[in-house]
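Structure below is query.txt: compact mmCIF, C-alpha atoms.
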# COMPACT_ATOMS: atom_id res chain seq x y z
CA MET A 1 87.33 70.60 72.08
CA LYS A 2 88.79 74.10 72.10
CA GLU A 3 92.36 74.30 73.33
CA VAL A 4 94.05 77.15 75.18
CA ASN A 5 96.21 79.37 72.96
CA SER A 6 99.44 81.15 73.86
CA TYR A 7 97.67 84.43 74.58
CA GLY A 8 95.42 82.64 77.06
CA TRP A 9 98.45 81.44 78.98
CA LYS A 10 100.08 84.88 78.86
CA ALA A 11 96.91 86.45 80.25
CA VAL A 12 96.75 83.94 83.10
CA ILE A 13 100.44 84.33 83.96
CA GLY A 14 100.23 88.13 83.86
CA SER A 15 97.13 88.13 86.08
CA SER A 16 98.71 85.61 88.46
CA ILE A 17 101.84 87.73 88.91
CA GLY A 18 99.73 90.76 89.75
CA TYR A 19 97.71 88.79 92.28
CA ALA A 20 100.94 87.40 93.76
CA MET A 21 101.90 91.02 94.39
CA ASP A 22 98.78 91.39 96.55
CA GLY A 23 99.45 88.29 98.62
CA PHE A 24 103.11 89.11 99.18
CA ASP A 25 102.33 92.63 100.34
CA LEU A 26 99.64 91.70 102.86
CA LEU A 27 101.52 88.84 104.48
CA ILE A 28 104.81 90.69 104.93
CA LEU A 29 102.78 93.36 106.71
CA GLY A 30 101.53 90.71 109.15
CA PHE A 31 105.08 89.56 109.84
CA MET A 32 106.38 93.13 110.29
CA LEU A 33 103.73 94.62 112.59
CA THR A 34 105.75 94.04 115.77
CA LEU A 35 108.88 95.72 114.37
CA ILE A 36 106.93 98.61 112.87
CA SER A 37 105.13 99.14 116.17
CA GLY A 38 108.41 99.24 118.06
CA ASP A 39 110.14 101.66 115.68
CA LEU A 40 107.22 104.06 115.27
CA GLY A 41 105.75 103.69 118.76
CA LEU A 42 102.40 102.32 117.61
CA THR A 43 99.75 100.90 119.90
CA THR A 44 98.29 97.44 119.20
CA GLY A 45 95.16 99.09 117.83
CA GLN A 46 97.16 101.32 115.48
CA ALA A 47 99.20 98.36 114.23
CA GLY A 48 96.05 96.35 113.51
CA SER A 49 94.50 99.32 111.72
CA LEU A 50 97.30 99.23 109.14
CA VAL A 51 95.94 95.88 107.94
CA THR A 52 92.34 97.03 108.17
CA TRP A 53 92.92 100.24 106.21
CA THR A 54 94.91 98.41 103.55
CA LEU A 55 91.80 96.29 103.05
CA VAL A 56 89.56 99.38 103.14
CA GLY A 57 91.71 100.85 100.38
CA ALA A 58 91.38 97.60 98.43
CA VAL A 59 87.60 97.84 98.66
CA ILE A 60 87.65 101.41 97.35
CA GLY A 61 90.05 100.45 94.58
CA GLY A 62 87.93 97.47 93.62
CA PHE A 63 84.85 99.62 93.13
CA ILE A 64 86.74 102.28 91.16
CA PHE A 65 88.96 100.15 88.96
CA GLY A 66 86.36 97.48 88.19
CA THR A 67 84.05 99.87 86.38
CA LEU A 68 87.02 101.69 84.79
CA SER A 69 88.16 98.35 83.39
CA ASP A 70 84.72 97.71 81.89
CA LYS A 71 85.03 101.07 80.15
CA PHE A 72 88.70 101.38 79.17
CA GLY A 73 89.93 97.79 79.04
CA ARG A 74 91.39 95.07 81.24
CA VAL A 75 95.08 95.42 80.40
CA ARG A 76 95.18 99.23 80.48
CA VAL A 77 93.51 99.60 83.86
CA LEU A 78 95.54 96.77 85.38
CA THR A 79 98.63 98.80 84.53
CA TRP A 80 97.18 101.82 86.35
CA THR A 81 96.58 99.74 89.48
CA ILE A 82 100.14 98.41 89.46
CA VAL A 83 101.71 101.86 89.21
CA LEU A 84 99.57 103.19 92.07
CA PHE A 85 100.46 100.21 94.26
CA ALA A 86 104.19 100.38 93.51
CA VAL A 87 104.55 104.11 94.22
CA PHE A 88 102.78 104.07 97.58
CA THR A 89 104.27 100.78 98.76
CA GLY A 90 107.67 102.33 98.11
CA LEU A 91 106.69 105.39 100.13
CA CYS A 92 105.84 103.13 103.10
CA ALA A 93 109.58 102.50 103.44
CA PHE A 94 110.09 106.20 104.27
CA ALA A 95 107.21 106.63 106.74
CA GLN A 96 108.06 108.65 109.86
CA GLY A 97 104.99 107.95 111.94
CA TYR A 98 101.57 106.36 112.16
CA TRP A 99 99.56 108.81 110.09
CA ASP A 100 101.76 109.02 107.00
CA LEU A 101 102.22 105.23 107.01
CA LEU A 102 98.44 104.79 107.31
CA ILE A 103 97.88 107.06 104.29
CA TYR A 104 100.49 105.21 102.20
CA ARG A 105 99.03 101.82 103.14
CA THR A 106 95.49 102.93 102.30
CA ILE A 107 96.43 104.27 98.87
CA ALA A 108 98.59 101.22 98.12
CA GLY A 109 95.52 99.18 99.05
CA ILE A 110 93.49 101.10 96.47
CA GLY A 111 95.97 99.88 93.87
CA LEU A 112 95.67 96.32 95.17
CA GLY A 113 91.89 96.49 94.95
CA GLY A 114 91.73 96.32 91.18
CA GLU A 115 93.96 93.29 90.77
CA PHE A 116 91.61 90.44 91.64
CA GLY A 117 88.57 91.29 89.57
CA ILE A 118 90.26 92.61 86.46
CA GLY A 119 92.75 89.76 86.33
CA MET A 120 89.97 87.21 86.77
CA ALA A 121 87.87 88.84 84.04
CA LEU A 122 90.85 88.88 81.67
CA ALA A 123 91.66 85.21 82.25
CA ALA A 124 88.03 84.08 81.99
CA GLU A 125 87.45 85.96 78.74
CA VAL A 126 90.34 84.36 76.85
CA TRP A 127 89.97 80.71 77.95
CA PRO A 128 87.39 78.29 76.49
CA ALA A 129 84.32 77.50 78.59
CA GLN A 130 85.32 73.90 79.42
CA HIS A 131 88.59 75.11 81.00
CA ARG A 132 87.42 78.41 82.53
CA ALA A 133 87.53 77.35 86.19
CA LYS A 134 91.06 76.06 85.68
CA ALA A 135 92.08 79.48 84.32
CA THR A 136 90.64 81.39 87.26
CA SER A 137 92.11 78.86 89.70
CA TYR A 138 95.58 79.55 88.27
CA VAL A 139 95.07 83.27 88.84
CA ALA A 140 93.98 82.57 92.43
CA ILE A 141 97.08 80.44 93.00
CA GLY A 142 99.10 83.57 92.20
CA TRP A 143 98.01 85.10 95.52
CA GLN A 144 99.22 82.03 97.40
CA LEU A 145 102.56 82.08 95.58
CA GLY A 146 102.99 85.64 96.82
CA VAL A 147 102.05 84.60 100.35
CA LEU A 148 104.44 81.65 100.18
CA ALA A 149 107.26 83.91 99.00
CA ALA A 150 106.52 86.26 101.91
CA ALA A 151 106.50 83.40 104.43
CA LEU A 152 109.86 82.09 103.19
CA LEU A 153 111.67 85.36 102.43
CA THR A 154 110.60 87.55 105.36
CA PRO A 155 112.38 85.54 108.09
CA VAL A 156 115.55 85.56 105.96
CA LEU A 157 115.54 89.21 104.83
CA LEU A 158 113.85 91.04 107.71
CA PRO A 159 116.80 90.78 110.18
CA TYR A 160 119.12 92.34 107.58
CA ILE A 161 117.07 94.96 105.73
CA GLY A 162 114.39 95.74 108.32
CA TRP A 163 110.76 96.53 107.66
CA ARG A 164 111.62 99.51 105.49
CA GLY A 165 113.69 97.35 103.20
CA MET A 166 110.90 94.78 103.01
CA PHE A 167 108.50 97.42 101.67
CA LEU A 168 111.01 98.16 98.91
CA VAL A 169 111.27 94.44 98.14
CA GLY A 170 107.47 94.42 97.97
CA ILE A 171 107.42 96.55 94.83
CA ILE A 172 109.52 94.06 92.82
CA PRO A 173 106.51 91.90 91.82
CA ALA A 174 104.79 95.09 90.64
CA PHE A 175 107.59 95.81 88.17
CA VAL A 176 107.56 92.21 86.93
CA ALA A 177 103.79 92.35 86.41
CA TRP A 178 104.03 95.70 84.64
CA ILE A 179 106.66 94.42 82.20
CA PHE A 180 104.70 91.24 81.51
CA ARG A 181 101.41 93.03 80.90
CA ALA A 182 103.02 95.41 78.43
CA LYS A 183 102.93 92.46 76.01
CA LEU A 184 99.18 91.79 76.38
CA HIS A 185 96.30 93.14 74.29
CA GLU A 186 92.62 93.43 75.18
CA PRO A 187 90.46 90.26 74.94
CA GLU A 188 88.52 89.88 71.70
CA ILE A 189 85.17 89.62 73.49
CA PHE A 190 85.84 93.00 75.15
CA VAL A 191 86.88 94.71 71.91
CA GLN A 192 83.80 93.41 70.06
CA SER A 193 81.27 94.15 72.80
CA LYS A 194 78.74 96.69 71.54
CA GLU A 195 77.67 97.56 75.07
CA ILE A 196 81.15 98.90 75.86
CA LYS A 197 80.73 101.77 73.40
CA ASP A 198 77.64 102.98 75.27
CA HIS A 199 79.05 102.11 78.68
CA SER A 200 78.28 104.37 81.60
CA TYR A 201 79.75 103.94 85.04
CA THR A 202 76.36 103.57 86.72
CA ASN A 203 75.21 100.91 84.23
CA SER A 204 77.94 98.54 85.39
CA PHE A 205 76.57 98.60 88.91
CA LYS A 206 72.93 98.42 87.79
CA LEU A 207 73.67 95.23 85.83
CA LEU A 208 74.52 93.49 89.11
CA VAL A 209 70.89 93.83 90.21
CA LYS A 210 69.12 94.03 86.84
CA ASP A 211 66.49 91.37 87.71
CA VAL A 212 65.48 89.03 90.54
CA ARG A 213 67.70 86.15 89.40
CA THR A 214 70.78 88.35 89.01
CA THR A 215 70.15 90.10 92.34
CA LYS A 216 69.83 86.71 94.04
CA THR A 217 73.13 85.61 92.50
CA SER A 218 74.86 88.86 93.54
CA ILE A 219 73.71 88.45 97.14
CA GLY A 220 74.86 84.83 97.13
CA VAL A 221 78.29 85.67 95.75
CA ALA A 222 78.68 88.51 98.25
CA VAL A 223 77.99 86.06 101.09
CA LEU A 224 80.49 83.56 99.68
CA THR A 225 83.25 86.12 99.26
CA SER A 226 82.56 87.57 102.72
CA VAL A 227 82.97 84.16 104.33
CA GLN A 228 86.05 83.52 102.19
CA ASN A 229 87.81 86.71 103.26
CA PHE A 230 86.69 86.59 106.89
CA GLY A 231 87.95 83.04 107.29
CA TYR A 232 91.15 83.63 105.35
CA TYR A 233 92.26 86.78 107.19
CA GLY A 234 91.15 85.40 110.53
CA ILE A 235 93.38 82.38 110.05
CA MET A 236 96.37 83.85 108.19
CA ILE A 237 96.82 87.09 110.16
CA TRP A 238 96.70 85.31 113.53
CA LEU A 239 98.29 81.96 112.67
CA PRO A 240 101.94 83.15 112.91
CA ASN A 241 101.11 84.90 116.20
CA PHE A 242 99.41 81.75 117.55
CA LEU A 243 102.34 79.53 116.62
CA SER A 244 104.80 81.93 118.20
CA LYS A 245 103.05 82.70 121.49
CA GLN A 246 101.24 79.43 122.18
CA LEU A 247 103.76 76.92 120.86
CA GLY A 248 106.94 78.96 121.23
CA PHE A 249 107.91 78.80 117.57
CA SER A 250 110.62 81.09 116.26
CA LEU A 251 109.90 83.45 113.34
CA THR A 252 111.58 80.96 110.99
CA LYS A 253 109.56 78.01 112.30
CA SER A 254 106.31 79.98 112.22
CA GLY A 255 107.10 80.88 108.62
CA LEU A 256 107.61 77.20 107.79
CA TRP A 257 104.29 76.17 109.35
CA THR A 258 102.55 79.02 107.53
CA ALA A 259 104.24 77.97 104.27
CA VAL A 260 102.92 74.40 104.63
CA THR A 261 99.39 75.73 105.18
CA VAL A 262 99.75 77.94 102.10
CA CYS A 263 100.93 74.96 100.03
CA GLY A 264 97.75 73.19 101.11
CA MET A 265 95.80 76.24 99.94
CA MET A 266 97.44 76.10 96.51
CA LEU A 267 96.66 72.41 96.18
CA GLY A 268 93.03 73.08 97.16
CA ILE A 269 92.67 75.88 94.59
CA TRP A 270 94.22 73.72 91.85
CA LEU A 271 91.90 70.84 92.71
CA PHE A 272 88.85 73.12 92.88
CA GLY A 273 89.43 74.38 89.33
CA ARG A 274 89.52 70.87 87.94
CA LEU A 275 86.52 69.61 89.87
CA ALA A 276 84.47 72.70 89.00
CA ASP A 277 85.12 72.16 85.27
CA LYS A 278 84.27 68.46 85.62
CA ILE A 279 81.29 68.21 88.01
CA GLY A 280 80.10 71.83 88.17
CA ARG A 281 80.64 74.96 90.22
CA LYS A 282 77.88 74.48 92.80
CA PRO A 283 78.63 70.91 93.96
CA THR A 284 82.33 71.72 94.18
CA PHE A 285 81.65 74.74 96.40
CA ILE A 286 79.47 72.65 98.73
CA LEU A 287 82.08 69.89 98.95
CA PHE A 288 84.81 72.32 99.96
CA GLN A 289 82.56 74.18 102.41
CA VAL A 290 81.71 70.96 104.26
CA CYS A 291 85.41 70.08 104.40
CA ALA A 292 86.16 73.57 105.74
CA VAL A 293 83.79 73.14 108.69
CA ALA A 294 85.27 69.74 109.57
CA SER A 295 88.94 70.74 109.18
CA ILE A 296 88.60 73.94 111.22
CA LEU A 297 86.96 72.09 114.13
CA ILE A 298 89.66 69.41 114.07
CA TYR A 299 92.49 71.95 113.83
CA SER A 300 91.16 73.91 116.80
CA GLN A 301 91.61 70.87 119.05
CA LEU A 302 95.23 70.10 118.15
CA SER A 303 98.33 71.03 120.13
CA ASP A 304 100.98 68.63 118.83
CA PRO A 305 103.29 70.49 116.39
CA THR A 306 103.62 67.60 113.94
CA ALA A 307 99.89 67.01 113.83
CA MET A 308 99.31 70.73 113.31
CA LEU A 309 101.74 70.70 110.40
CA PHE A 310 99.77 68.10 108.44
CA ALA A 311 96.37 69.35 109.59
CA GLY A 312 97.36 72.86 108.54
CA ALA A 313 97.82 71.71 104.95
CA ILE A 314 94.37 70.09 104.96
CA LEU A 315 92.86 73.17 106.61
CA GLY A 316 94.42 75.39 103.95
CA ALA A 317 93.11 73.26 101.10
CA SER A 318 89.60 73.28 102.52
CA VAL A 319 89.13 76.91 103.53
CA ASN A 320 90.94 78.48 100.59
CA GLY A 321 90.36 76.03 97.77
CA MET A 322 87.15 77.88 96.94
CA MET A 323 89.23 80.80 95.66
CA GLY A 324 89.58 78.71 92.51
CA GLY A 325 85.92 79.12 91.67
CA TYR A 326 84.82 82.70 92.28
CA GLY A 327 86.38 84.09 89.11
CA ALA A 328 84.68 81.55 86.83
CA LEU A 329 81.33 81.83 88.63
CA MET A 330 81.19 85.62 88.36
CA ALA A 331 82.50 85.69 84.79
CA GLU A 332 79.62 83.45 83.73
CA ALA A 333 76.95 85.27 85.74
CA TYR A 334 77.50 88.77 84.29
CA PRO A 335 77.94 90.31 80.79
CA THR A 336 81.20 91.75 79.42
CA SER A 337 80.09 95.33 80.11
CA ALA A 338 79.85 94.57 83.85
CA ARG A 339 82.16 91.57 84.30
CA ALA A 340 85.14 93.30 85.92
CA THR A 341 82.78 95.47 87.98
CA ALA A 342 81.04 92.36 89.30
CA GLN A 343 84.32 90.62 90.07
CA ASN A 344 85.73 93.60 91.94
CA VAL A 345 82.59 94.87 93.66
CA LEU A 346 81.38 91.49 94.92
CA PHE A 347 84.80 90.23 95.94
CA ASN A 348 85.68 93.51 97.66
CA ILE A 349 82.42 93.49 99.57
CA GLY A 350 83.85 90.27 100.95
CA ARG A 351 87.14 92.01 101.62
CA ALA A 352 85.28 94.75 103.51
CA VAL A 353 83.68 92.16 105.75
CA GLY A 354 86.95 90.24 106.01
CA GLY A 355 88.72 93.38 107.11
CA PHE A 356 86.96 93.07 110.47
CA SER A 357 88.14 89.50 110.93
CA PRO A 358 91.54 90.24 112.55
CA MET A 359 89.76 92.52 115.05
CA VAL A 360 86.93 90.06 115.80
CA VAL A 361 89.27 87.08 116.10
CA GLY A 362 91.59 89.17 118.28
CA MET A 363 88.69 90.00 120.63
CA ILE A 364 87.72 86.33 120.92
CA ILE A 365 91.35 85.42 121.64
CA SER A 366 91.58 88.02 124.40
CA MET A 367 88.31 86.87 125.97
CA TYR A 368 88.74 83.11 125.52
CA SER A 369 91.60 81.46 123.60
CA TYR A 370 93.13 80.88 120.18
CA GLN A 371 91.38 77.52 119.96
CA VAL A 372 87.95 79.03 120.60
CA ALA A 373 88.60 81.74 118.01
CA ILE A 374 89.53 79.21 115.34
CA ALA A 375 86.52 77.03 116.16
CA PHE A 376 84.28 80.11 115.85
CA LEU A 377 85.35 80.43 112.22
CA ALA A 378 83.70 77.07 111.47
CA ILE A 379 80.28 78.62 112.03
CA ILE A 380 80.62 81.02 109.12
CA TYR A 381 81.16 78.16 106.67
CA VAL A 382 77.77 76.72 107.61
CA ILE A 383 76.31 80.07 106.44
CA ASP A 384 78.38 79.59 103.28
CA ILE A 385 76.73 76.23 102.56
CA LEU A 386 73.23 77.68 102.93
CA ALA A 387 74.02 80.58 100.60
CA THR A 388 75.39 78.21 97.95
CA VAL A 389 72.39 75.88 98.10
CA PHE A 390 69.72 78.60 97.90
CA LEU A 391 71.32 81.50 96.00
CA ILE A 392 74.06 80.30 93.64
CA PRO A 393 73.14 79.06 90.10
CA GLU A 394 75.00 76.34 88.23
CA LEU A 395 76.69 77.94 85.21
CA LYS A 396 79.22 75.29 84.15
CA GLY A 397 79.93 75.43 80.39
CA LYS A 398 78.11 78.69 79.78
CA GLU A 399 79.44 80.84 76.92
CA LEU A 400 80.21 84.39 78.01
CA GLU A 401 77.83 87.18 77.00
Structure re-expressed in structure tokens:
Amino acid sequence: MKEVNSYGWKAVIGSSIGYAMDGFDLLILGFMLTLISGDLGLTTGQAGSLVTWTLVGAVIGGFIFGTLSDKFGRVRVLTWTIVLFAVFTGLCAFAQGYWDLLIYRTIAGIGLGGEFGIGMALAAEVWPAQHRAKATSYVAIGWQLGVLAAALLTPVLLPYIGWRGMFLVGIIPAFVAWIFRAKLHEPEIFVQSKEIKDHSYTNSFKLLVKDVRTTKTSIGVAVLTSVQNFGYYGIMIWLPNFLSKQLGFSLTKSGLWTAVTVCGMMLGIWLFGRLADKIGRKPTFILFQVCAVASILIYSQLSDPTAMLFAGAILGASVNGMMGGYGALMAEAYPTSARATAQNVLFNIGRAVGGFSPMVVGMIISMYSYQVAIAFLAIIYVIDILATVFLIPELKGKELE
């Protein structure tokens, strides 16, 4: 059995740090919206649009940097994305009004957009087939580590350094990731790929729909990532607000409850990677999707704080554990000359759909209640199950092309 070498671990750690940068940035924004709105005189709609346009930027960045990575290399283009993110996140700290902050957030989002797909492609290409889902699950856990850091640090730092200071803190993971990636080289499979030499930017996209089977897979993955992002942002953007307004939790207590949910998410991702390598990608997706439906419905009926604490961990594991499998699934479904493009395009299609989640969930909350909004999210995971059964192939153990 092939074992993981030191470079494989370095690639996973470097990709995880970059993805942690993404998670940290987006969650601190959720915590800071009220303060930003007060200081800059933003309406509720303008404040929500800062999240939406960060995600719009991520979608644009995903499309651009995915195909650039398939042409110029994983490590090189990841460095470009980090620099872009760091510069414009830093500029957010000096914003004077809505429009300049919106521009900075959008461009920082473009930098964020390349992180997921390129990091996943890098990790998948340097780990052996029998451990590939574990590798991509470790990268996915990076996001949750960033979210956890945001949940724990924001209540402590925000009263002292304000939202402007928090944006400056947000660029620290970018510097760490940049330093770490300076020690990485391109994967051997990328360097040796003959298709890369003749790569054209349009070919990367065409390879996602090159035949009926591939097109079917691409549609299926797009559905899965759309449900993933819609459910995740719907829960994580509104959860602190729900805990605060409905249960009267302080910022510190809301952060603790959010942190417990995020820990459940990390456990779910870790478990998904192991199960997917053992029993296959498809059955593991279906198992987690069924658990997501059940846990969301149960969570929506709870009101006792202690019960919500434990149920939140189970909810997190169910709805976000599937993040451990997308990287491996897409790496195996597409060739090296389109792998990063596939990862970024298909996942960021999901981000584009997920970007509407805070708005949709907010509308349901205003018309009905938080509980109804959370229960509504269970419906989308039923769609997820159908897409997995009819559109997703089983690719466990496949050697990369």
* Using all atoms listed in the file, which residues sit within 7 Å of Pro335 of chain A once same-chain residues fewer than 2 positions away are excluded, as JSON, numbers by chain? -> {"A": [337, 338, 339, 400, 401]}
I'd like a table as a Markdown table: residues in segment 264-363 of chain A with an atom no more than 9 Å from segment 202-224 of chain A, each row giving the shortest atom pair and its distance in Å to one decimal, only C-alpha atoms counted, sorted by chain and rising residue number.
| residue | atom | partner | partner_atom | distance |
| --- | --- | --- | --- | --- |
| A:Tyr326 | CA | A:Val221 | CA | 8.0 |
| A:Leu329 | CA | A:Val221 | CA | 8.6 |
| A:Met330 | CA | A:Val221 | CA | 7.9 |
| A:Ala333 | CA | A:Thr214 | CA | 7.6 |
| A:Tyr334 | CA | A:Leu208 | CA | 7.4 |
| A:Pro335 | CA | A:Leu207 | CA | 8.2 |
| A:Ser337 | CA | A:Ser204 | CA | 6.5 |
| A:Ala338 | CA | A:Ser204 | CA | 4.7 |
| A:Arg339 | CA | A:Ser204 | CA | 8.2 |
| A:Ala340 | CA | A:Ser204 | CA | 8.9 |
| A:Thr341 | CA | A:Ser204 | CA | 6.3 |
| A:Ala342 | CA | A:Leu208 | CA | 6.6 |
| A:Val345 | CA | A:Phe205 | CA | 8.5 |
| A:Leu346 | CA | A:Ala222 | CA | 5.2 |
| A:Phe347 | CA | A:Ala222 | CA | 6.8 |
| A:Asn348 | CA | A:Ala222 | CA | 8.6 |
| A:Ile349 | CA | A:Ala222 | CA | 6.4 |
| A:Gly350 | CA | A:Ala222 | CA | 6.1 |
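For the pair atom CA of Tyr232 of chain A and atom CA of Lys396 of chain A, the interatomic distance is 25.7 Å.
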Per residue of segment 17-39 of chain A within 8 Å of segment 123-147 of chain A, what are the shortest atom pair and its distance in Å to one decimal, counting only C-alpha atoms, with rows by chain and residue number, as a Markdown table?
| residue | atom | partner | partner_atom | distance |
| --- | --- | --- | --- | --- |
| A:Ile17 | CA | A:Gly142 | CA | 6.0 |
| A:Gly18 | CA | A:Gly142 | CA | 7.6 |
| A:Tyr19 | CA | A:Trp143 | CA | 4.9 |
| A:Ala20 | CA | A:Gly146 | CA | 4.1 |
| A:Met21 | CA | A:Gly146 | CA | 6.0 |
| A:Asp22 | CA | A:Trp143 | CA | 6.4 |
| A:Gly23 | CA | A:Trp143 | CA | 4.7 |
| A:Phe24 | CA | A:Gly146 | CA | 4.2 |
| A:Asp25 | CA | A:Gly146 | CA | 7.9 |
| A:Leu26 | CA | A:Val147 | CA | 7.9 |
| A:Leu27 | CA | A:Val147 | CA | 5.9 |
* Counting all atoms listed in the file, the residue of A:Pro155, A:Gly397, A:Gly66, A:Gly73 that sits nearest Gly113 of chain A ->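 With all atoms listed in the file as the atom set, the closest residue is A:Gly66.
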* Asked: Taking only C-alpha atoms into account, which of A:Phe175, A:Trp238, A:Tyr368, A:Tyr7 comes nearest Phe85 of chain A?
  -> A:Phe175
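Among the candidates A:Val382, A:Val12, A:Leu112, A:Val59, the one nearest to Val77 of chain A when counting only C-alpha atoms is A:Leu112.
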Can you fill out segment 303-310 of chain A with all heavy atoms and hand it back as an mmCIF file, in the coordinates of the input?
data_model
loop_
_atom_site.group_PDB
_atom_site.id
_atom_site.type_symbol
_atom_site.label_atom_id
_atom_site.label_comp_id
_atom_site.auth_asym_id
_atom_site.auth_seq_id
_atom_site.Cartn_x
_atom_site.Cartn_y
_atom_site.Cartn_z
ATOM 1 N N SER A 303 97.251 70.321 119.459
ATOM 2 C CA SER A 303 98.330 71.030 120.130
ATOM 3 C C SER A 303 99.701 70.452 119.772
ATOM 4 O O SER A 303 100.722 71.104 120.000
ATOM 5 C CB SER A 303 98.143 70.992 121.654
ATOM 6 O OG SER A 303 98.087 69.654 122.107
ATOM 7 N N ASP A 304 99.721 69.248 119.232
ATOM 8 C CA ASP A 304 100.980 68.630 118.830
ATOM 9 C C ASP A 304 101.507 69.284 117.554
ATOM 10 O O ASP A 304 100.791 69.361 116.547
ATOM 11 C CB ASP A 304 100.773 67.134 118.584
ATOM 12 C CG ASP A 304 102.055 66.465 118.104
ATOM 13 O OD1 ASP A 304 102.972 66.313 118.917
ATOM 14 O OD2 ASP A 304 102.135 66.112 116.899
ATOM 15 N N PRO A 305 102.746 69.773 117.555
ATOM 16 C CA PRO A 305 103.290 70.490 116.390
ATOM 17 C C PRO A 305 103.260 69.694 115.098
ATOM 18 O O PRO A 305 102.929 70.238 114.041
ATOM 19 C CB PRO A 305 104.724 70.811 116.820
ATOM 20 C CG PRO A 305 104.675 70.848 118.307
ATOM 21 C CD PRO A 305 103.681 69.804 118.694
ATOM 22 N N THR A 306 103.610 68.417 115.155
ATOM 23 C CA THR A 306 103.620 67.600 113.940
ATOM 24 C C THR A 306 102.217 67.425 113.379
ATOM 25 O O THR A 306 101.995 67.538 112.170
ATOM 26 C CB THR A 306 104.248 66.220 114.214
ATOM 27 O OG1 THR A 306 105.566 66.400 114.743
ATOM 28 C CG2 THR A 306 104.328 65.411 112.927
ATOM 29 N N ALA A 307 101.280 67.155 114.270
ATOM 30 C CA ALA A 307 99.890 67.010 113.830
ATOM 31 C C ALA A 307 99.370 68.300 113.221
ATOM 32 O O ALA A 307 98.649 68.288 112.211
ATOM 33 C CB ALA A 307 99.005 66.591 115.014
ATOM 34 N N MET A 308 99.756 69.436 113.821
ATOM 35 C CA MET A 308 99.310 70.730 113.310
ATOM 36 C C MET A 308 99.917 71.023 111.933
ATOM 37 O O MET A 308 99.307 71.699 111.110
ATOM 38 C CB MET A 308 99.672 71.845 114.281
ATOM 39 C CG MET A 308 98.883 71.812 115.576
ATOM 40 S SD MET A 308 99.181 73.256 116.598
ATOM 41 C CE MET A 308 98.302 74.501 115.683
ATOM 42 N N LEU A 309 101.103 70.496 111.691
ATOM 43 C CA LEU A 309 101.740 70.700 110.400
ATOM 44 C C LEU A 309 100.907 70.071 109.281
ATOM 45 O O LEU A 309 100.575 70.715 108.286
ATOM 46 C CB LEU A 309 103.148 70.100 110.408
ATOM 47 C CG LEU A 309 103.936 70.192 109.109
ATOM 48 C CD1 LEU A 309 104.249 71.652 108.791
ATOM 49 C CD2 LEU A 309 105.229 69.393 109.208
ATOM 50 N N PHE A 310 100.552 68.799 109.466
ATOM 51 C CA PHE A 310 99.770 68.100 108.440
ATOM 52 C C PHE A 310 98.328 68.607 108.388
ATOM 53 O O PHE A 310 97.750 68.783 107.314
ATOM 54 C CB PHE A 310 99.800 66.587 108.701
ATOM 55 C CG PHE A 310 101.143 65.975 108.479
ATOM 56 C CD1 PHE A 310 101.951 65.626 109.544
ATOM 57 C CD2 PHE A 310 101.625 65.764 107.191
ATOM 58 C CE1 PHE A 310 103.210 65.074 109.348
ATOM 59 C CE2 PHE A 310 102.875 65.204 106.971
ATOM 60 C CZ PHE A 310 103.673 64.855 108.054
#
